[in-house]
file data_38.cif (mmCIF, C-alpha atoms)
data_my_file
loop_
_atom_site.label_atom_id
_atom_site.label_comp_id
_atom_site.auth_asym_id
_atom_site.auth_seq_id
_atom_site.Cartn_x
_atom_site.Cartn_y
_atom_site.Cartn_z
CA MET A 1 -11.43 7.49 -4.07
CA SER A 2 -10.38 7.89 -7.68
CA ALA A 3 -7.53 9.07 -9.83
CA SER A 4 -7.30 10.15 -13.43
CA ILE A 5 -5.36 7.90 -15.76
CA ALA A 6 -3.39 9.26 -18.69
CA THR A 7 -3.58 7.15 -21.85
CA ASN A 8 -1.49 9.30 -24.17
CA ALA A 9 1.84 9.34 -22.34
CA THR A 10 4.60 9.49 -24.93
CA SER A 11 7.77 10.65 -23.15
CA PHE A 12 7.70 7.96 -20.47
CA GLU A 13 6.84 4.30 -20.28
CA GLU A 14 3.54 3.84 -18.48
CA LYS A 15 3.91 2.66 -14.89
CA GLU A 16 1.32 1.16 -12.56
CA LEU A 17 0.67 2.15 -8.95
CA LEU A 18 -1.56 0.09 -6.67
CA VAL A 19 -3.03 1.62 -3.51
CA LEU A 20 -4.32 -0.43 -0.58
CA PHE A 21 -6.69 2.03 1.08
CA GLY A 22 -7.62 1.04 4.63
CA SER A 23 -9.87 3.77 5.98
CA PRO A 24 -13.69 3.64 6.34
CA HIS A 25 -13.74 7.38 5.52
CA PRO A 26 -12.58 8.11 1.94
CA ASN A 27 -12.55 11.86 2.59
CA GLY A 28 -11.11 11.70 6.10
CA ASN A 29 -7.58 12.43 7.20
CA THR A 30 -6.06 9.34 5.57
CA GLY A 31 -7.97 10.11 2.38
CA LYS A 32 -6.66 13.66 2.35
CA LEU A 33 -3.12 12.41 2.78
CA LEU A 34 -3.58 9.98 -0.10
CA HIS A 35 -5.18 12.62 -2.34
CA SER A 36 -2.20 14.89 -1.77
CA PHE A 37 0.10 12.03 -2.71
CA LEU A 38 -1.85 11.09 -5.86
CA ASP A 39 -2.19 14.70 -7.02
CA GLU A 40 1.55 14.87 -7.62
CA LEU A 41 1.88 11.73 -9.72
CA PRO A 42 3.18 12.20 -13.27
CA ASP A 43 0.72 11.50 -16.07
CA HIS A 44 2.40 8.26 -17.12
CA VAL A 45 1.56 6.57 -13.80
CA LYS A 46 -1.70 4.58 -13.91
CA VAL A 47 -3.43 4.33 -10.52
CA THR A 48 -5.61 1.55 -9.13
CA VAL A 49 -7.13 2.02 -5.65
CA TYR A 50 -8.32 -1.02 -3.71
CA ASP A 51 -10.68 0.16 -0.96
CA ALA A 52 -10.52 -2.58 1.67
CA TYR A 53 -13.64 -1.39 3.50
CA LYS A 54 -15.74 -1.50 0.33
CA GLN A 55 -14.37 -4.81 -0.91
CA HIS A 56 -14.63 -6.79 2.37
CA PRO A 57 -11.61 -9.09 1.86
CA MET A 58 -11.80 -12.51 3.48
CA PRO A 59 -9.22 -13.33 6.16
CA CYS A 60 -6.58 -16.00 5.70
CA ILE A 61 -7.95 -19.30 7.04
CA ASP A 62 -4.63 -21.22 7.01
CA CYS A 63 -6.13 -23.91 4.79
CA GLY A 64 -2.76 -24.98 3.39
CA TYR A 65 -3.76 -24.56 -0.26
CA CYS A 66 -0.88 -22.19 -1.03
CA THR A 67 1.70 -24.60 0.37
CA LYS A 68 0.96 -26.97 -2.53
CA LYS A 69 -0.27 -24.71 -5.35
CA GLN A 70 0.38 -21.13 -6.36
CA GLY A 71 -2.52 -18.90 -5.42
CA CYS A 72 -5.25 -19.05 -2.79
CA SER A 73 -8.31 -21.20 -2.20
CA GLN A 74 -10.31 -18.00 -1.67
CA ARG A 75 -10.73 -16.12 -4.94
CA ASP A 76 -11.94 -12.71 -3.73
CA LEU A 77 -8.45 -11.16 -3.91
CA ASP A 78 -7.40 -12.62 -7.26
CA ALA A 79 -7.77 -9.29 -9.09
CA PHE A 80 -5.94 -7.42 -6.33
CA MET A 81 -3.03 -9.88 -6.35
CA GLU A 82 -2.80 -9.72 -10.14
CA ALA A 83 -2.68 -5.92 -9.92
CA PHE A 84 -0.02 -6.18 -7.21
CA GLU A 85 2.14 -8.46 -9.33
CA ARG A 86 1.89 -6.03 -12.28
CA ALA A 87 2.52 -2.90 -10.21
CA ASP A 88 5.68 -0.84 -10.26
CA PHE A 89 4.65 1.03 -7.09
CA PHE A 90 2.62 0.02 -4.03
CA VAL A 91 1.12 2.37 -1.45
CA VAL A 92 -0.57 1.48 1.83
CA ALA A 93 -2.75 4.34 3.13
CA SER A 94 -4.46 3.63 6.43
CA PRO A 95 -5.35 4.90 9.89
CA VAL A 96 -3.87 3.19 12.94
CA TYR A 97 -6.25 1.23 15.18
CA TYR A 98 -4.82 0.02 18.50
CA ASN A 99 -1.25 0.28 17.17
CA ALA A 100 -2.12 -1.84 14.12
CA LEU A 101 -3.85 -1.77 10.77
CA PRO A 102 -7.67 -1.94 10.84
CA ALA A 103 -9.16 -5.38 10.13
CA PRO A 104 -9.96 -4.98 6.38
CA PRO A 105 -6.46 -3.93 5.20
CA LYS A 106 -4.88 -6.34 7.70
CA ALA A 107 -6.83 -9.16 6.05
CA VAL A 108 -5.25 -8.21 2.71
CA ILE A 109 -1.75 -8.19 4.19
CA ASP A 110 -2.34 -11.60 5.80
CA ARG A 111 -3.39 -12.97 2.42
CA PHE A 112 0.13 -12.25 1.11
CA GLN A 113 0.82 -15.59 2.82
CA ARG A 114 0.42 -17.13 -0.64
CA TYR A 115 3.79 -15.63 -1.58
CA PHE A 116 5.52 -16.73 1.63
CA SER A 117 4.30 -20.26 0.93
CA ALA A 118 5.42 -20.03 -2.70
CA ARG A 119 8.89 -19.04 -1.49
CA PHE A 120 9.36 -21.33 1.50
CA SER A 121 7.12 -24.32 0.71
CA MET A 122 7.57 -24.54 -3.07
CA GLY A 123 10.97 -22.86 -3.47
CA ILE A 124 9.83 -20.22 -5.97
CA ARG A 125 12.38 -17.40 -5.97
CA PRO A 126 11.24 -14.70 -6.16
CA PRO A 127 7.53 -15.48 -5.73
CA VAL A 128 6.73 -12.01 -7.11
CA LYS A 129 8.71 -11.51 -10.32
CA LYS A 130 8.39 -7.77 -10.86
CA PRO A 131 10.32 -5.56 -8.41
CA LYS A 132 8.40 -2.66 -6.96
CA GLN A 133 8.83 0.31 -4.63
CA ALA A 134 6.46 1.12 -1.80
CA ALA A 135 5.31 3.95 0.46
CA LEU A 136 3.29 4.11 3.68
CA LEU A 137 0.78 6.86 4.50
CA LEU A 138 -0.50 6.44 8.06
CA THR A 139 -2.62 8.56 10.39
CA CYS A 140 -3.37 8.15 14.09
CA GLY A 141 -6.08 9.87 16.10
CA SER A 142 -4.03 9.98 19.29
CA GLN A 143 -0.52 11.15 20.05
CA GLU A 144 0.65 7.54 20.30
CA VAL A 145 3.38 6.72 17.79
CA ALA A 146 4.07 3.04 18.57
CA GLY A 147 1.60 1.93 15.91
CA PHE A 148 3.59 3.63 13.17
CA ALA A 149 6.68 1.60 14.01
CA ALA A 150 4.67 -1.61 14.37
CA ILE A 151 2.99 -1.26 10.98
CA ARG A 152 6.23 -0.27 9.30
CA SER A 153 7.91 -3.36 10.75
CA GLN A 154 5.04 -5.55 9.60
CA MET A 155 5.15 -4.18 6.06
CA GLU A 156 8.92 -4.49 5.83
CA MET A 157 8.61 -8.15 6.86
CA ALA A 158 6.01 -8.75 4.14
CA PHE A 159 8.15 -6.95 1.59
CA THR A 160 11.05 -9.37 2.15
CA VAL A 161 9.29 -11.94 -0.09
CA LEU A 162 7.28 -9.51 -2.23
CA ASN A 163 10.28 -8.17 -4.18
CA THR A 164 9.35 -4.77 -2.76
CA THR A 165 11.45 -1.99 -1.25
CA LEU A 166 9.99 0.56 1.18
CA ILE A 167 11.05 3.98 -0.10
CA GLY A 168 9.48 6.22 2.53
CA CYS A 169 6.66 6.93 4.97
CA VAL A 170 4.43 9.78 6.06
CA PHE A 171 3.13 9.43 9.60
CA GLU A 172 0.63 11.95 11.00
CA LYS A 173 -0.56 11.70 14.62
CA ASP A 174 -3.16 13.49 16.77
CA THR A 175 -5.76 13.70 14.01
CA ASP A 176 -8.67 13.38 16.48
CA ARG A 177 -7.72 16.81 17.77
CA ALA A 178 -7.16 18.53 14.45
CA PRO A 179 -7.27 17.68 10.72
CA VAL A 180 -4.16 16.47 8.99
CA GLU A 181 -1.72 19.38 8.87
CA LYS A 182 -0.49 21.08 5.70
CA ALA A 183 3.04 20.00 6.54
CA ALA A 184 1.96 16.35 6.34
CA LEU A 185 0.23 16.96 3.01
CA LEU A 186 3.46 18.48 1.72
CA ARG A 187 5.42 15.46 2.94
CA ALA A 188 3.00 13.24 1.03
CA LYS A 189 3.60 15.24 -2.14
CA ARG A 190 7.35 14.97 -1.70
CA LEU A 191 7.12 11.23 -1.08
CA SER A 192 5.14 10.92 -4.31
CA TYR A 193 8.01 12.59 -6.18
CA LYS A 194 10.49 10.29 -4.47
CA LEU A 195 8.58 7.09 -5.14
CA THR A 196 7.99 7.71 -8.83
CA GLY A 197 11.26 9.48 -9.58
CA ALA A 198 9.43 12.66 -10.57
CA GLY A 199 11.50 14.83 -8.24
CA ASP A 200 14.04 14.83 -5.47
CA THR A 201 13.27 14.81 -1.74
CA ASN A 202 15.14 14.08 1.45
CA ASP A 203 12.08 12.98 3.46
CA ASP A 204 12.24 9.54 5.09
#
call {"tool": "encode", "arguments": {"input": "data_38.cif", "output": "structure tokens"}}
result
Amino acid sequence: MSASIATNATSFEEKELLVLFGSPHPNGNTGKLLHSFLDELPDHVKVTVYDAYKQHPMPCIDCGYCTKKQGCSQRDLDAFMEAFERADFFVVASPVYYNALPAPPKAVIDRFQRYFSARFSMGIRPPVKKPKQAALLLTCGSQEVAGFAAIRSQMEMAFTVLNTTLIGCVFEKDTDRAPVEKAALLRAKRLSYKLTGAGDTNDD
């Protein structure tokens, strides 16, 4: 999973987009949806993709470190969290497993606990200084749609302390039967325009 980064943008201030990629198949249906989204980004948006399956993030162990100090006792996600704090845009691209995120990206989301503790244990408001806008790109092998709502609810809860606003979602079901449809790829392109302000779209 990669994206080209423009270094000579002159008309626009450079922006940063961080992707949490949660599929074990970079070129599978979720990957295709993400590629369609990234292909429409303007040149002044710098992209960083964190592949949760390749990076093997550690789970939160509720050690209490973040209730007393900013940060986490486990250092494997330091670079990811620094990138998140810098980002203007945040995208979660993942399949749905049993109406939830797969274990690797879920571990990353759970590690956002450091910001909940910063807010509620140490009174840091906001715990993430830079506001950001987010999008969800989710696929499901079955026709079940409950997982989409569950993951959206989970992310919206996390975003309440992450200074992040969910701008839109693309949900594509039944991908075990057939590859992701062209209509979903088009919705991903339109959501890319909407997230970065590169164009107008009415998709939710």
call {"tool": "resolve_selection", "arguments": {"input": "data_38.cif", "expression": "the PyMOL selection byres ((chain A and resi 60) around 9)", "output": "short mmCIF file (atom, residue, chain, number, x, y, z; two decimals) with C-alpha atoms, in the coordinates of the input"}}
result
data_model
loop_
_atom_site.label_atom_id
_atom_site.label_comp_id
_atom_site.auth_asym_id
_atom_site.auth_seq_id
_atom_site.Cartn_x
_atom_site.Cartn_y
_atom_site.Cartn_z
CA MET A 58 -11.80 -12.51 3.48
CA PRO A 59 -9.22 -13.33 6.16
CA ILE A 61 -7.95 -19.30 7.04
CA ASP A 62 -4.63 -21.22 7.01
CA CYS A 63 -6.13 -23.91 4.79
CA GLN A 74 -10.31 -18.00 -1.67
CA ALA A 107 -6.83 -9.16 6.05
CA VAL A 108 -5.25 -8.21 2.71
CA ASP A 110 -2.34 -11.60 5.80
CA ARG A 111 -3.39 -12.97 2.42
CA PHE A 112 0.13 -12.25 1.11
CA GLN A 113 0.82 -15.59 2.82
#
call {"tool": "closest_residue", "arguments": {"input": "data_38.cif", "among": "A:Leu162, A:Phe90, A:Cys66, A:Pro179", "to": "Gly31 in chain A", "atoms": "all atoms listed in the file"}}
result
A:Pro179
call {"tool": "closest_residue", "arguments": {"input": "data_38.cif", "among": "A:Gln70, A:Thr175, A:Asn99, A:Ser121", "to": "Val145 in chain A", "atoms": "all atoms listed in the file"}}
result
A:Asn99
call {"tool": "residues_around", "arguments": {"input": "data_38.cif", "residues": "range 183-200 of chain A", "least_positions_apart": "6", "cutoff": "7 Å", "atoms": "all atoms listed in the file", "output": "list in words"}}
result
Leu33, Ser36, Phe37, Glu40, Leu41, Pro42, Gln133, Ile167, Gly168, Val170 and Glu172 of chain A
call {"tool": "write_last_selection", "arguments": {"input": "data_38.cif", "atoms": "C-alpha atoms", "output": "mmCIF file, keeping the file's coordinate frame"}}
result
data_model
loop_
_atom_site.group_PDB
_atom_site.id
_atom_site.type_symbol
_atom_site.label_atom_id
_atom_site.label_comp_id
_atom_site.auth_asym_id
_atom_site.auth_seq_id
_atom_site.Cartn_x
_atom_site.Cartn_y
_atom_site.Cartn_z
ATOM 1 C CA LEU A 33 -3.120 12.410 2.780
ATOM 2 C CA SER A 36 -2.200 14.890 -1.770
ATOM 3 C CA PHE A 37 0.100 12.030 -2.710
ATOM 4 C CA GLU A 40 1.550 14.870 -7.620
ATOM 5 C CA LEU A 41 1.880 11.730 -9.720
ATOM 6 C CA PRO A 42 3.180 12.200 -13.270
ATOM 7 C CA GLN A 133 8.830 0.310 -4.630
ATOM 8 C CA ILE A 167 11.050 3.980 -0.100
ATOM 9 C CA GLY A 168 9.480 6.220 2.530
ATOM 10 C CA VAL A 170 4.430 9.780 6.060
ATOM 11 C CA GLU A 172 0.630 11.950 11.000
#
call {"tool": "residues_around", "arguments": {"input": "data_38.cif", "residues": "Gly22 in chain A", "least_positions_apart": "5", "cutoff": "6 Å", "atoms": "only C-alpha atoms", "output": "ChimeraX atom specification"}}
result
/A:52,94,105
call {"tool": "resolve_selection", "arguments": {"input": "data_38.cif", "expression": "the PyMOL selection byres ((chain A and resi 82) around 12)", "output": "list in words"}}
result
Glu16, Leu18, Thr48, Gly71, Arg75, Asp76, Leu77, Asp78, Ala79, Phe80, Met81, Ala83, Phe84, Glu85, Arg86, Ala87, Phe112, Val128, Lys129 and Lys130 of chain A
call {"tool": "atom_distance", "arguments": {"input": "data_38.cif", "atom1": "CA of Pro126 in chain A", "atom2": "CA of Thr164 in chain A"}}
result
10.7 Å
call {"tool": "atom_distance", "arguments": {"input": "data_38.cif", "atom1": "CA of Cys169 in chain A", "atom2": "CA of Glu13 in chain A"}}
result
25.4 Å
call {"tool": "closest_residue", "arguments": {"input": "data_38.cif", "among": "A:Ser142, A:Gln55, A:Gln154, A:Asn163", "to": "Val96 in chain A", "atoms": "only C-alpha atoms"}}
result
A:Ser142
call {"tool": "closest_residue", "arguments": {"input": "data_38.cif", "among": "A:Met122, A:Leu38, A:Ala178, A:Met155", "to": "Gln143 in chain A", "atoms": "all atoms listed in the file"}}
result
A:Ala178
call {"tool": "closest_residue", "arguments": {"input": "data_38.cif", "among": "A:Gly141, A:Pro131, A:Gly147, A:Pro102", "to": "Thr165 in chain A", "atoms": "only C-alpha atoms"}}
result
A:Pro131
call {"tool": "atom_distance", "arguments": {"input": "data_38.cif", "atom1": "CA of Asn29 in chain A", "atom2": "CA of Arg177 in chain A"}}
result
11.4 Å
call {"tool": "resolve_selection", "arguments": {"input": "data_38.cif", "expression": "the PyMOL selection byres ((chain A and resi 138) around 6)", "output": "ChimeraX atom specification"}}
result
/A:93-95,137,139,171
call {"tool": "closest_residue", "arguments": {"input": "data_38.cif", "among": "A:Asp88, A:Asp176, A:Glu14, A:Glu144", "to": "Lys132 in chain A", "atoms": "all atoms listed in the file"}}
result
A:Asp88
call {"tool": "residues_near_point", "arguments": {"input": "data_38.cif", "point": "(-7.2, 0.9, 0.1)", "cutoff": "7 Å", "atoms": "only C-alpha atoms", "output": "JSON, numbers by chain"}}
result
{"A": [19, 20, 21, 22, 49, 50, 51, 52, 92, 93]}
call {"tool": "axis_aligned_box", "arguments": {"input": "data_38.cif", "around": "range 152-157 of chain A", "padding_each_side": "3 Å", "output": "AutoDock Vina command-line options"}}
result
--center_x 7.0 --center_y -4.2 --center_z 8.3 --size_x 9.9 --size_y 13.9 --size_z 10.9
